[in-house]
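Enquirer: Take this structure first; my questions come after.
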Amino acid sequence: MKSRILAGLGFFLCILPLAGLGAPRDREVVLLAAECQNENGGCARQDLVAYTFRNGKQVAKDTVLTSDVLHFNLGKNQIYQDRYVITHWADVIDLPNKKLLHKGDGELVGLEGDRVIEYVRKWEIDGYFYFDLKTGERGPLAQPGKWALPGVLSPKQTKSVSACEISVNRIMGTEVWMFTADGQKKRLATDFRAAGNCPESSILWLDDDRFLIQRWDGQIFIMKTDATAQSLARMPIMDPAHIQPYFERDPDGRVIYAAGDRRYRLDPESRTIHTEGRKSLGHGFEAASSQAFDTRFRFHGREIGRLWSCSGTAFDGYLAMEYGDFGSNLGYPKGLKVWSENTGEWTTLPVSWTIGIIGWMEKGSS
């Protein structure tokens, strides 16, 4: 796998007092979001917008950048070094200077120090390139090393595992292989068809020597780099087949297995499995959906509101999400809402066409 990164119906709200959960935070924080400029029913240009909050209240809205060549709606965007927004396509925006530093040519592979690594495959180009955030220099990686390893990188980025490497066995997905940056490879399992098609999401490293992997029949194994494996559990494979189950670590570091709308917490050490009724959003926030996107949000165990929303983006004392009227299509959300610990209230950010939330950052941290 060439692209890899080594982490929104009437509105009813129930506000509960949260006194004593933390001291007021006398600071400014920024919520970064992407929005569309609507022209003749189409998204003519995309805006990178910064909403500033002070003591829980919105005090400013600033358009950082407007572009007709950037696409924040395609793939994941992230904040890096509290200064840059980097898109799935390796575009780099300098936030303090409100400037597009680099227009990517391919897909983001990784970030390391001041370097942005992208994989480009088009026309006569097929290779890895770097962009230096400090110098602005861009060039090819003659020795891409770990970035070119197939599959999922280990925590220390010294090796990878893949269950769909066809260059070592012509029947795709029948074996599990480990690759190292020095060009070595080792077969860990044979006659093992992993769940899904080239399923990076069906593999999760536990440490640099062990990883979880799910077989096509739902069986989950703890596999080791010495080619031994131990069965952990059999979990559901959803129907229809295009609903791909996946592993992830939640913001609290716990191992989660998700299949459709069902979530389970796995403890590989004690070999136990627990149904997760609530999804951790980090910073003390949780979300629980009773059906579809009817979601109740909690902060340190206390309910703070009920919205029609997919999920939320949490920060220290803040929670933001896209929302809509109950029963509406969240592909076209009504706008953004932000809850603050300081005020214990929600702020509605009216947006004519929101693309999505990028994340939070401290103002002035860059």
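Chain lettering (A, B, ...) mirrors the order of the structure tokens, residue numbering begins at 1 for each chain separately, and ligand numbering begins at 1 in order of display.
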Tell me, as a PDB file with C-alpha atoms, in the first residue's frame, which residues lie within 6 Å of segment 74-91 of chain A, counting only C-alpha atoms; anything in the same chain fewer than 5 positions away does not count.
Expert:
```
ATOM      1  CA  HIS A 102       3.436  23.443  -1.374  1.00  0.00           C
ATOM      2  CA  LYS A 103       0.916  21.995  -3.824  1.00  0.00           C
ATOM      3  CA  GLY A 104       1.235  18.248  -3.624  1.00  0.00           C
ATOM      4  CA  GLY A 106       0.562  12.744  -5.151  1.00  0.00           C
ATOM      5  CA  GLU A 107      -0.568  11.363  -1.797  1.00  0.00           C
ATOM      6  CA  LEU A 108       0.818  11.944   1.669  1.00  0.00           C
ATOM      7  CA  ILE A 358      -9.715  19.729  10.537  1.00  0.00           C
ATOM      8  CA  SER A 366       2.993  28.209  16.326  1.00  0.00           C
TER       9      SER A 366
END
```
Enquirer: So that I can check the surroundings of Gly331 of chain A, please list as a PDB file with N, CA and C atoms, in the first residue's frame every protein, DNA and RNA residue that reaches within 12 Å of it, counting only C-alpha atoms and ignoring chain neighbours fewer than 3 positions away.
Expert:
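That gives us selection-v4.pdb:
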```pdb
ATOM      1  N   GLY A   8     -20.438  15.055  10.530  1.00  0.00           N
ATOM      2  CA  GLY A   8     -21.183  15.424  11.045  1.00  0.00           C
ATOM      3  C   GLY A   8     -22.827  15.129  11.043  1.00  0.00           C
ATOM      4  N   ASN A  73     -12.026  18.240   0.946  1.00  0.00           N
ATOM      5  CA  ASN A  73     -13.117  17.265   1.064  1.00  0.00           C
ATOM      6  C   ASN A  73     -12.716  15.867   0.617  1.00  0.00           C
ATOM      7  N   PHE A 293     -27.739   8.491  13.565  1.00  0.00           N
ATOM      8  CA  PHE A 293     -26.853   9.548  14.052  1.00  0.00           C
ATOM      9  C   PHE A 293     -27.454  10.317  15.217  1.00  0.00           C
ATOM     10  N   SER A 309     -25.629  13.843  14.668  1.00  0.00           N
ATOM     11  CA  SER A 309     -24.240  14.073  14.313  1.00  0.00           C
ATOM     12  C   SER A 309     -23.499  12.748  14.201  1.00  0.00           C
ATOM     13  N   CYS A 310     -22.477  12.732  13.362  1.00  0.00           N
ATOM     14  CA  CYS A 310     -21.678  11.517  13.198  1.00  0.00           C
ATOM     15  C   CYS A 310     -20.765  11.278  14.386  1.00  0.00           C
ATOM     16  N   GLU A 322     -19.935  18.530  13.259  1.00  0.00           N
ATOM     17  CA  GLU A 322     -20.916  18.878  12.253  1.00  0.00           C
ATOM     18  C   GLU A 322     -22.264  18.322  12.716  1.00  0.00           C
ATOM     19  N   TYR A 323     -23.364  19.023  12.414  1.00  0.00           N
ATOM     20  CA  TYR A 323     -24.674  18.555  12.849  1.00  0.00           C
ATOM     21  C   TYR A 323     -25.707  18.870  11.767  1.00  0.00           C
ATOM     22  N   GLY A 324     -26.865  18.256  11.904  1.00  0.00           N
ATOM     23  CA  GLY A 324     -27.973  18.524  10.999  1.00  0.00           C
ATOM     24  C   GLY A 324     -29.287  18.389  11.728  1.00  0.00           C
ATOM     25  N   ASP A 325     -30.387  18.691  11.034  1.00  0.00           N
ATOM     26  CA  ASP A 325     -31.712  18.436  11.594  1.00  0.00           C
ATOM     27  C   ASP A 325     -31.892  16.929  11.744  1.00  0.00           C
ATOM     28  N   GLY A 327     -32.804  13.362  11.307  1.00  0.00           N
ATOM     29  CA  GLY A 327     -33.256  12.619  10.143  1.00  0.00           C
ATOM     30  C   GLY A 327     -32.680  13.107   8.833  1.00  0.00           C
ATOM     31  N   SER A 328     -31.870  14.157   8.874  1.00  0.00           N
ATOM     32  CA  SER A 328     -31.350  14.731   7.638  1.00  0.00           C
ATOM     33  C   SER A 328     -30.120  13.979   7.152  1.00  0.00           C
ATOM     34  N   LYS A 334     -25.880  20.938   8.467  1.00  0.00           N
ATOM     35  CA  LYS A 334     -26.459  22.274   8.634  1.00  0.00           C
ATOM     36  C   LYS A 334     -25.409  23.289   9.077  1.00  0.00           C
ATOM     37  N   GLY A 335     -24.406  22.828   9.760  1.00  0.00           N
ATOM     38  CA  GLY A 335     -23.361  23.718  10.238  1.00  0.00           C
ATOM     39  C   GLY A 335     -22.509  23.044  11.284  1.00  0.00           C
ATOM     40  N   TRP A 353     -22.080  25.979   3.715  1.00  0.00           N
ATOM     41  CA  TRP A 353     -21.662  24.705   3.129  1.00  0.00           C
ATOM     42  C   TRP A 353     -20.363  24.281   3.807  1.00  0.00           C
ATOM     43  N   THR A 354     -20.470  23.430   4.791  1.00  0.00           N
ATOM     44  CA  THR A 354     -19.279  22.978   5.502  1.00  0.00           C
ATOM     45  C   THR A 354     -18.747  21.696   4.877  1.00  0.00           C
ATOM     46  N   ILE A 355     -17.443  21.602   4.788  1.00  0.00           N
ATOM     47  CA  ILE A 355     -16.785  20.403   4.272  1.00  0.00           C
ATOM     48  C   ILE A 355     -16.389  19.475   5.406  1.00  0.00           C
ATOM     49  N   GLY A 356     -15.870  20.073   6.476  1.00  0.00           N
ATOM     50  CA  GLY A 356     -15.470  19.243   7.607  1.00  0.00           C
ATOM     51  C   GLY A 356     -14.546  19.965   8.556  1.00  0.00           C
TER      52      GLY A 356
END
```
Enquirer: Of the candidates A:Ser154, A:Asp47, A:Phe53, A:Leu281, which shows the shortest atom-to-atom distance to Thr347 of chain A, using only C-alpha atoms?
Expert: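 Smallest distance to Thr347 of chain A is found for A:Phe53.
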Enquirer: Measuring between only C-alpha atoms, which one of A:Lys146, A:Arg234, A:Lys363, A:Arg193 shows the shortest distance to Trp216 of chain A?
Expert: A:Arg193
Enquirer: Can you tell me how far atom CA of Pro245 of chain A sits from atom CA of Gly260 of chain A, in Å to one decimal?
Expert: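 The value is 6.9 Å.
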Enquirer: Mind giving me the straight-line distance from atom CA of Asp114 of chain A to atom CA of Gly364 of chain A in Å, one decimal?
Expert: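 These atoms are spaced 19.3 Å apart.
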Enquirer: If we count only C-alpha atoms, what is near Lys61 of chain A at a cut-off of 12 Å, once residues fewer than 2 positions away on the same chain are taken out, given as a PDB file with C-alpha atoms, in the first residue's frame?
Expert:
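File produced: around05.pdb:
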```pdb
ATOM      1  CA  VAL A  29      -7.975  28.219  21.045  1.00  0.00           C
ATOM      2  CA  VAL A  30      -8.649  27.884  17.339  1.00  0.00           C
ATOM      3  CA  LEU A  31     -10.979  25.501  15.536  1.00  0.00           C
ATOM      4  CA  LEU A  32      -9.903  24.936  11.937  1.00  0.00           C
ATOM      5  CA  ALA A  33     -12.572  23.902   9.426  1.00  0.00           C
ATOM      6  CA  ASP A  47     -11.965  28.093   2.316  1.00  0.00           C
ATOM      7  CA  LEU A  48      -9.752  27.160   5.230  1.00  0.00           C
ATOM      8  CA  VAL A  49     -11.428  28.948   8.164  1.00  0.00           C
ATOM      9  CA  ALA A  50     -10.215  29.615  11.702  1.00  0.00           C
ATOM     10  CA  TYR A  51     -12.740  30.144  14.530  1.00  0.00           C
ATOM     11  CA  THR A  52     -11.137  31.642  17.637  1.00  0.00           C
ATOM     12  CA  PHE A  53     -12.586  30.965  21.102  1.00  0.00           C
ATOM     13  CA  LYS A  57     -16.918  31.969  23.607  1.00  0.00           C
ATOM     14  CA  GLN A  58     -16.324  32.600  19.924  1.00  0.00           C
ATOM     15  CA  VAL A  59     -14.532  35.919  19.445  1.00  0.00           C
ATOM     16  CA  THR A  63     -10.464  32.972   6.462  1.00  0.00           C
ATOM     17  CA  VAL A  64      -6.921  31.652   6.339  1.00  0.00           C
ATOM     18  CA  LEU A 349     -21.497  28.334  13.874  1.00  0.00           C
ATOM     19  CA  PRO A 350     -23.734  28.964  10.845  1.00  0.00           C
ATOM     20  CA  VAL A 351     -22.012  27.712   7.731  1.00  0.00           C
TER      21      VAL A 351
END
```
Enquirer: Work out how far atom CA of Val92 of chain A is from atom CA of Ser160 of chain A, in Å to one decimal.
Expert: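 Straight-line distance from atom CA of Ser160 of chain A to atom CA of Val92 of chain A works out to 27.0 Å.
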Enquirer: Using only C-alpha atoms for the distances, tell me which of A:Ile117, A:Ala148, A:Val338, A:Leu133 is nearest to Phe297 of chain A.
Expert: A:Val338
Enquirer: Which residue out of A:Gly41, A:Gly282, A:Pro333, A:Pro144 has the minimum interatomic distance to Val109 of chain A when only C-alpha atoms are used?
Expert: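 Closest candidate: A:Pro144.
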Enquirer: According to DSSP computed on the backbone, where in segment 164-278 of chain A is there strand (DSSP E)? Give the residues as a PyMOL selection string.
Expert: chain A and resi 176-180+185-189+203-205+210-214+219-224+229-234+246-249+255-259+262-267+272-275
Enquirer: Between A:Pro268, A:Leu153, A:Glu200, A:Glu124, which one has atoms that come closest to Gly110 of chain A, using only C-alpha atoms?
Expert: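 Once distances to Gly110 of chain A are computed over only C-alpha atoms, the minimum belongs to A:Leu153.
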